[in-house]
Amino acid sequence: LVVLPALSVIFCSDATTVKVVSRQLLVDGKPLHLKGVCWNPVPKGGTHPRDLDFRGFVETDSELMARAGINAVRTYDAIVDREVLDVLWKRHIYVLNTVYIYGKDPIDLIRTRVNSVKDHPAILMWVVGNEWNYNGLYIGLPYEQALKRV
């Protein structure tokens, strides 16, 4: 996760403003200490992304996360199901939503993912890439080409 200090307002909607001030994350002017996990709900024996099942796991997993004090999840794929986001938000869990991880995804798909849930209060920020600097966006791109895409 990279937060650019020069980018002071990361997200702003009618309800929420997210800023980085002096290396501190502020949500609506209040410091937010993230206590998060990477969440990739795939059943035992399944594989990502084929068996990814946000809806099937959100109730049970979010209850466990909330009891453990988790207030944020980072995904490996975009959550675009608003009902899943509703369940997470009901338990005061923010989402760092991955919108671009696979190098063959068209740019328009990224725009669609963002636009479909950008106004949901659970969305804290967007994630672009996952260790792309050495996995080449999962398609073996050389570093410089992966950097240009990201």
# chains A, B, ... in the order shown; residues from 1 in each chain; ligands from 1
call {"tool": "select_by_dssp", "arguments": {"residues": "segment 27-122 of chain A", "states": "helix (DSSP H, G or I)", "output": "PyMOL selection string"}}
result
chain A and resi 54-67+82-90+107-117
call {"tool": "write_last_selection", "arguments": {"atoms": "N, CA, C and O atoms", "output": "tab-separated table (two decimals), in the first residue's frame"}}
result
chain	number	residue	atom	x	y	z
A	54	PHE	N	-17.37	-13.90	-1.72
A	54	PHE	CA	-17.57	-12.85	-0.71
A	54	PHE	C	-18.92	-13.02	-0.01
A	54	PHE	O	-19.00	-12.98	1.21
A	55	ARG	N	-19.97	-13.22	-0.79
A	55	ARG	CA	-21.31	-13.29	-0.22
A	55	ARG	C	-21.47	-14.50	0.70
A	55	ARG	O	-22.10	-14.42	1.75
A	56	GLY	N	-20.89	-15.62	0.33
A	56	GLY	CA	-21.04	-16.84	1.13
A	56	GLY	C	-20.31	-16.81	2.47
A	56	GLY	O	-20.66	-17.56	3.38
A	57	PHE	N	-19.31	-15.95	2.58
A	57	PHE	CA	-18.51	-15.91	3.80
A	57	PHE	C	-18.66	-14.64	4.62
A	57	PHE	O	-18.18	-14.57	5.76
A	58	VAL	N	-19.30	-13.61	4.07
A	58	VAL	CA	-19.27	-12.30	4.72
A	58	VAL	C	-19.92	-12.29	6.10
A	58	VAL	O	-19.38	-11.66	7.03
A	59	GLU	N	-21.03	-12.95	6.29
A	59	GLU	CA	-21.69	-12.91	7.60
A	59	GLU	C	-20.81	-13.51	8.69
A	59	GLU	O	-20.55	-12.88	9.72
A	60	THR	N	-20.35	-14.73	8.47
A	60	THR	CA	-19.54	-15.43	9.47
A	60	THR	C	-18.19	-14.76	9.67
A	60	THR	O	-17.77	-14.51	10.80
A	61	ASP	N	-17.51	-14.47	8.55
A	61	ASP	CA	-16.17	-13.88	8.66
A	61	ASP	C	-16.21	-12.50	9.30
A	61	ASP	O	-15.36	-12.18	10.15
A	62	SER	N	-17.16	-11.67	8.91
A	62	SER	CA	-17.20	-10.31	9.47
A	62	SER	C	-17.53	-10.32	10.95
A	62	SER	O	-17.04	-9.48	11.71
A	63	GLU	N	-18.34	-11.27	11.38
A	63	GLU	CA	-18.62	-11.39	12.81
A	63	GLU	C	-17.34	-11.74	13.57
A	63	GLU	O	-17.05	-11.14	14.62
A	64	LEU	N	-16.58	-12.69	13.06
A	64	LEU	CA	-15.31	-13.05	13.70
A	64	LEU	C	-14.34	-11.87	13.70
A	64	LEU	O	-13.66	-11.62	14.69
A	65	MET	N	-14.27	-11.18	12.57
A	65	MET	CA	-13.36	-10.03	12.47
A	65	MET	C	-13.75	-8.95	13.47
A	65	MET	O	-12.88	-8.39	14.15
A	66	ALA	N	-15.02	-8.64	13.55
A	66	ALA	CA	-15.48	-7.60	14.47
A	66	ALA	C	-15.15	-7.98	15.92
A	66	ALA	O	-14.69	-7.13	16.70
A	67	ARG	N	-15.38	-9.23	16.27
A	67	ARG	CA	-15.05	-9.66	17.64
A	67	ARG	C	-13.56	-9.58	17.92
A	67	ARG	O	-13.16	-9.38	19.07
A	82	ARG	N	-22.88	-4.72	-3.33
A	82	ARG	CA	-23.22	-3.75	-2.30
A	82	ARG	C	-23.76	-4.41	-1.04
A	82	ARG	O	-23.59	-3.89	0.06
A	83	GLU	N	-24.40	-5.56	-1.16
A	83	GLU	CA	-24.90	-6.26	0.02
A	83	GLU	C	-23.74	-6.77	0.88
A	83	GLU	O	-23.83	-6.75	2.11
A	84	VAL	N	-22.67	-7.21	0.26
A	84	VAL	CA	-21.48	-7.62	1.00
A	84	VAL	C	-20.91	-6.41	1.73
A	84	VAL	O	-20.57	-6.49	2.93
A	85	LEU	N	-20.82	-5.29	1.04
A	85	LEU	CA	-20.32	-4.07	1.68
A	85	LEU	C	-21.23	-3.63	2.82
A	85	LEU	O	-20.74	-3.16	3.86
A	86	ASP	N	-22.53	-3.79	2.66
A	86	ASP	CA	-23.47	-3.44	3.74
A	86	ASP	C	-23.20	-4.25	5.00
A	86	ASP	O	-23.23	-3.72	6.11
A	87	VAL	N	-22.94	-5.54	4.85
A	87	VAL	CA	-22.67	-6.40	6.01
A	87	VAL	C	-21.38	-5.96	6.69
A	87	VAL	O	-21.33	-5.85	7.92
A	88	LEU	N	-20.35	-5.69	5.90
A	88	LEU	CA	-19.09	-5.23	6.49
A	88	LEU	C	-19.29	-3.90	7.22
A	88	LEU	O	-18.82	-3.72	8.34
A	89	TRP	N	-19.98	-2.98	6.59
A	89	TRP	CA	-20.19	-1.66	7.19
A	89	TRP	C	-21.03	-1.74	8.46
A	89	TRP	O	-20.81	-1.01	9.42
A	90	LYS	N	-21.99	-2.65	8.46
A	90	LYS	CA	-22.82	-2.85	9.66
A	90	LYS	C	-21.93	-3.21	10.86
A	90	LYS	O	-22.27	-2.89	12.00
A	107	ILE	N	-8.78	-1.46	-18.86
A	107	ILE	CA	-8.92	-0.25	-18.04
A	107	ILE	C	-10.39	0.06	-17.76
A	107	ILE	O	-10.73	0.49	-16.67
A	108	ASP	N	-11.26	-0.17	-18.72
A	108	ASP	CA	-12.68	0.11	-18.51
A	108	ASP	C	-13.27	-0.71	-17.36
A	108	ASP	O	-14.18	-0.26	-16.68
A	109	LEU	N	-12.74	-1.90	-17.14
A	109	LEU	CA	-13.21	-2.73	-16.03
A	109	LEU	C	-12.88	-2.08	-14.69
A	109	LEU	O	-13.68	-2.12	-13.76
A	110	ILE	N	-11.73	-1.45	-14.61
A	110	ILE	CA	-11.34	-0.75	-13.38
A	110	ILE	C	-12.32	0.38	-13.11
A	110	ILE	O	-12.81	0.55	-12.00
A	111	ARG	N	-12.62	1.15	-14.13
A	111	ARG	CA	-13.57	2.25	-13.99
A	111	ARG	C	-14.94	1.73	-13.54
A	111	ARG	O	-15.57	2.31	-12.66
A	112	THR	N	-15.37	0.63	-14.12
A	112	THR	CA	-16.66	0.03	-13.75
A	112	THR	C	-16.66	-0.40	-12.29
A	112	THR	O	-17.62	-0.16	-11.55
A	113	ARG	N	-15.57	-1.04	-11.85
A	113	ARG	CA	-15.48	-1.49	-10.46
A	113	ARG	C	-15.56	-0.31	-9.50
A	113	ARG	O	-16.28	-0.35	-8.50
A	114	VAL	N	-14.80	0.73	-9.78
A	114	VAL	CA	-14.79	1.91	-8.91
A	114	VAL	C	-16.17	2.57	-8.89
A	114	VAL	O	-16.73	2.85	-7.83
A	115	ASN	N	-16.72	2.82	-10.06
A	115	ASN	CA	-17.99	3.54	-10.14
A	115	ASN	C	-19.14	2.77	-9.50
A	115	ASN	O	-20.10	3.38	-9.01
A	116	SER	N	-19.06	1.45	-9.48
A	116	SER	CA	-20.17	0.66	-8.95
A	116	SER	C	-20.33	0.78	-7.44
A	116	SER	O	-21.43	0.58	-6.92
A	117	VAL	N	-19.26	1.11	-6.73
A	117	VAL	CA	-19.35	1.16	-5.26
A	117	VAL	C	-18.67	2.39	-4.64
A	117	VAL	O	-18.54	2.48	-3.42
call {"tool": "residues_around", "arguments": {"residues": "Arg50 of chain A", "least_positions_apart": "6", "cutoff": "12 Å", "atoms": "only C-alpha atoms", "output": "number ranges by chain"}}
result
A: 40-43, 77
call {"tool": "write_last_selection", "arguments": {"atoms": "all heavy atoms", "output": "PDB file, in the first residue's frame"}}
result
ATOM      1  N   ASN A  40      -9.749 -12.950   1.635  1.00  0.00           N
ATOM      2  CA  ASN A  40      -9.893 -13.626   0.347  1.00  0.00           C
ATOM      3  C   ASN A  40     -10.709 -14.896   0.581  1.00  0.00           C
ATOM      4  O   ASN A  40     -10.163 -15.989   0.660  1.00  0.00           O
ATOM      5  CB  ASN A  40      -8.507 -13.959  -0.210  1.00  0.00           C
ATOM      6  CG  ASN A  40      -8.561 -14.373  -1.652  1.00  0.00           C
ATOM      7  OD1 ASN A  40      -9.162 -13.710  -2.472  1.00  0.00           O
ATOM      8  ND2 ASN A  40      -7.923 -15.471  -1.971  1.00  0.00           N
ATOM      9  N   PRO A  41     -12.032 -14.759   0.721  1.00  0.00           N
ATOM     10  CA  PRO A  41     -12.870 -15.898   1.120  1.00  0.00           C
ATOM     11  C   PRO A  41     -13.032 -16.965   0.025  1.00  0.00           C
ATOM     12  O   PRO A  41     -13.876 -16.849  -0.853  1.00  0.00           O
ATOM     13  CB  PRO A  41     -14.201 -15.248   1.467  1.00  0.00           C
ATOM     14  CG  PRO A  41     -14.238 -14.001   0.644  1.00  0.00           C
ATOM     15  CD  PRO A  41     -12.816 -13.542   0.537  1.00  0.00           C
ATOM     16  N   VAL A  42     -12.199 -17.970   0.131  1.00  0.00           N
ATOM     17  CA  VAL A  42     -12.240 -19.125  -0.771  1.00  0.00           C
ATOM     18  C   VAL A  42     -12.430 -20.351   0.110  1.00  0.00           C
ATOM     19  O   VAL A  42     -11.724 -20.520   1.105  1.00  0.00           O
ATOM     20  CB  VAL A  42     -10.927 -19.237  -1.578  1.00  0.00           C
ATOM     21  CG1 VAL A  42     -10.880 -20.520  -2.386  1.00  0.00           C
ATOM     22  CG2 VAL A  42     -10.758 -18.018  -2.482  1.00  0.00           C
ATOM     23  N   PRO A  43     -13.377 -21.218  -0.213  1.00  0.00           N
ATOM     24  CA  PRO A  43     -13.604 -22.392   0.640  1.00  0.00           C
ATOM     25  C   PRO A  43     -12.416 -23.350   0.630  1.00  0.00           C
ATOM     26  O   PRO A  43     -11.622 -23.368  -0.309  1.00  0.00           O
ATOM     27  CB  PRO A  43     -14.847 -23.048   0.029  1.00  0.00           C
ATOM     28  CG  PRO A  43     -14.908 -22.543  -1.365  1.00  0.00           C
ATOM     29  CD  PRO A  43     -14.269 -21.190  -1.374  1.00  0.00           C
ATOM     30  N   ASP A  77      -9.434  -9.082  -4.803  1.00  0.00           N
ATOM     31  CA  ASP A  77     -10.311  -8.879  -5.944  1.00  0.00           C
ATOM     32  C   ASP A  77     -11.341  -7.843  -5.517  1.00  0.00           C
ATOM     33  O   ASP A  77     -11.583  -7.666  -4.324  1.00  0.00           O
ATOM     34  CB  ASP A  77     -11.008 -10.189  -6.337  1.00  0.00           C
ATOM     35  CG  ASP A  77     -10.742 -10.568  -7.777  1.00  0.00           C
ATOM     36  OD1 ASP A  77     -10.839  -9.670  -8.643  1.00  0.00           O
ATOM     37  OD2 ASP A  77     -10.437 -11.740  -8.032  1.00  0.00           O
TER      38      ASP A  77
END
call {"tool": "select_by_dssp", "arguments": {"residues": "segment 15-139 of chain A", "states": "strand (DSSP E)", "output": "number ranges by chain"}}
result
A: 17-21, 24-27, 30-31, 36-39, 72-75, 94-100, 123-128
call {"tool": "write_last_selection", "arguments": {"atoms": "C-alpha atoms", "output": "CSV table (one decimal), in the first residue's frame"}}
result
chain,number,residue,atom,x,y,z
A,17,THR,CA,-13.6,12.8,3.7
A,18,VAL,CA,-10.4,10.8,3.9
A,19,LYS,CA,-7.1,12.6,4.2
A,20,VAL,CA,-3.5,11.9,4.9
A,21,VAL,CA,-1.9,14.6,7.1
A,24,GLN,CA,-1.7,10.0,9.6
A,25,LEU,CA,-4.9,8.8,8.1
A,26,LEU,CA,-7.9,11.0,9.0
A,27,VAL,CA,-11.5,10.1,8.3
A,30,LYS,CA,-10.5,12.0,13.1
A,31,PRO,CA,-7.4,9.7,13.2
A,36,GLY,CA,-6.9,-5.0,9.3
A,37,VAL,CA,-6.6,-8.3,7.5
A,38,CYS,CA,-6.3,-9.5,4.0
A,39,TRP,CA,-9.7,-11.1,3.2
A,72,ALA,CA,-10.5,-3.0,7.8
A,73,VAL,CA,-10.2,-5.6,5.2
A,74,ARG,CA,-7.9,-5.5,2.1
A,75,THR,CA,-9.2,-7.7,-0.8
A,94,TYR,CA,-13.8,-0.5,6.1
A,95,VAL,CA,-12.8,-1.9,2.8
A,96,LEU,CA,-9.5,-1.3,0.9
A,97,ASN,CA,-10.9,-2.5,-2.3
A,98,THR,CA,-8.6,-4.0,-4.9
A,99,VAL,CA,-9.7,-2.7,-8.4
A,100,TYR,CA,-6.6,-3.7,-10.5
A,123,ILE,CA,-15.1,1.9,0.9
A,124,LEU,CA,-12.1,3.6,2.5
A,125,MET,CA,-9.7,3.5,-0.5
A,126,TRP,CA,-8.7,1.6,-3.7
A,127,VAL,CA,-5.9,-0.9,-4.0
A,128,VAL,CA,-4.0,-1.1,-7.3
call {"tool": "atom_distance", "arguments": {"atom1": "atom CA of Asn130 of chain A", "atom2": "atom CA of Asn71 of chain A"}}
result
20.7 Å
call {"tool": "atom_distance", "arguments": {"atom1": "atom CA of Tyr138 of chain A", "atom2": "atom CA of Tyr102 of chain A"}}
result
5.8 Å
call {"tool": "atom_distance", "arguments": {"atom1": "atom CA of Leu32 of chain A", "atom2": "atom CA of Arg91 of chain A"}}
result
15.7 Å
call {"tool": "residues_around", "arguments": {"residues": "Gln145 of chain A", "least_positions_apart": "6", "cutoff": "12 Å", "atoms": "only C-alpha atoms", "output": "short mmCIF file (atom, residue, chain, number, x, y, z; two decimals) with N, CA and C atoms, in the first residue's frame"}}
result
data_model
loop_
_atom_site.label_atom_id
_atom_site.label_comp_id
_atom_site.auth_asym_id
_atom_site.auth_seq_id
_atom_site.Cartn_x
_atom_site.Cartn_y
_atom_site.Cartn_z
N GLY A 103 -2.90 -8.00 -14.87
CA GLY A 103 -2.45 -7.18 -15.98
C GLY A 103 -3.26 -7.26 -17.25
N TRP A 132 3.14 -6.18 -7.43
CA TRP A 132 3.34 -6.14 -8.88
C TRP A 132 4.80 -5.96 -9.28
N ASN A 133 5.60 -5.41 -8.36
CA ASN A 133 7.00 -5.15 -8.68
C ASN A 133 7.81 -6.42 -8.89
N TYR A 134 7.30 -7.56 -8.41
CA TYR A 134 8.02 -8.81 -8.71
C TYR A 134 7.15 -9.86 -9.37
N ASN A 135 5.84 -9.69 -9.42
CA ASN A 135 5.02 -10.70 -10.09
C ASN A 135 4.55 -10.26 -11.47
N GLY A 136 4.91 -9.04 -11.86
CA GLY A 136 4.56 -8.58 -13.20
C GLY A 136 3.07 -8.56 -13.47
N LEU A 137 2.28 -8.19 -12.44
CA LEU A 137 0.82 -8.15 -12.53
C LEU A 137 0.24 -9.50 -12.95
N ILE A 139 1.12 -11.58 -15.02
CA ILE A 139 1.27 -12.01 -16.41
C ILE A 139 2.73 -11.92 -16.84
#
call {"tool": "closest_residue", "arguments": {"among": "A:Leu147, A:Ile101, A:Val80, A:Leu141", "to": "Asp119 of chain A", "atoms": "only C-alpha atoms"}}
result
A:Val80
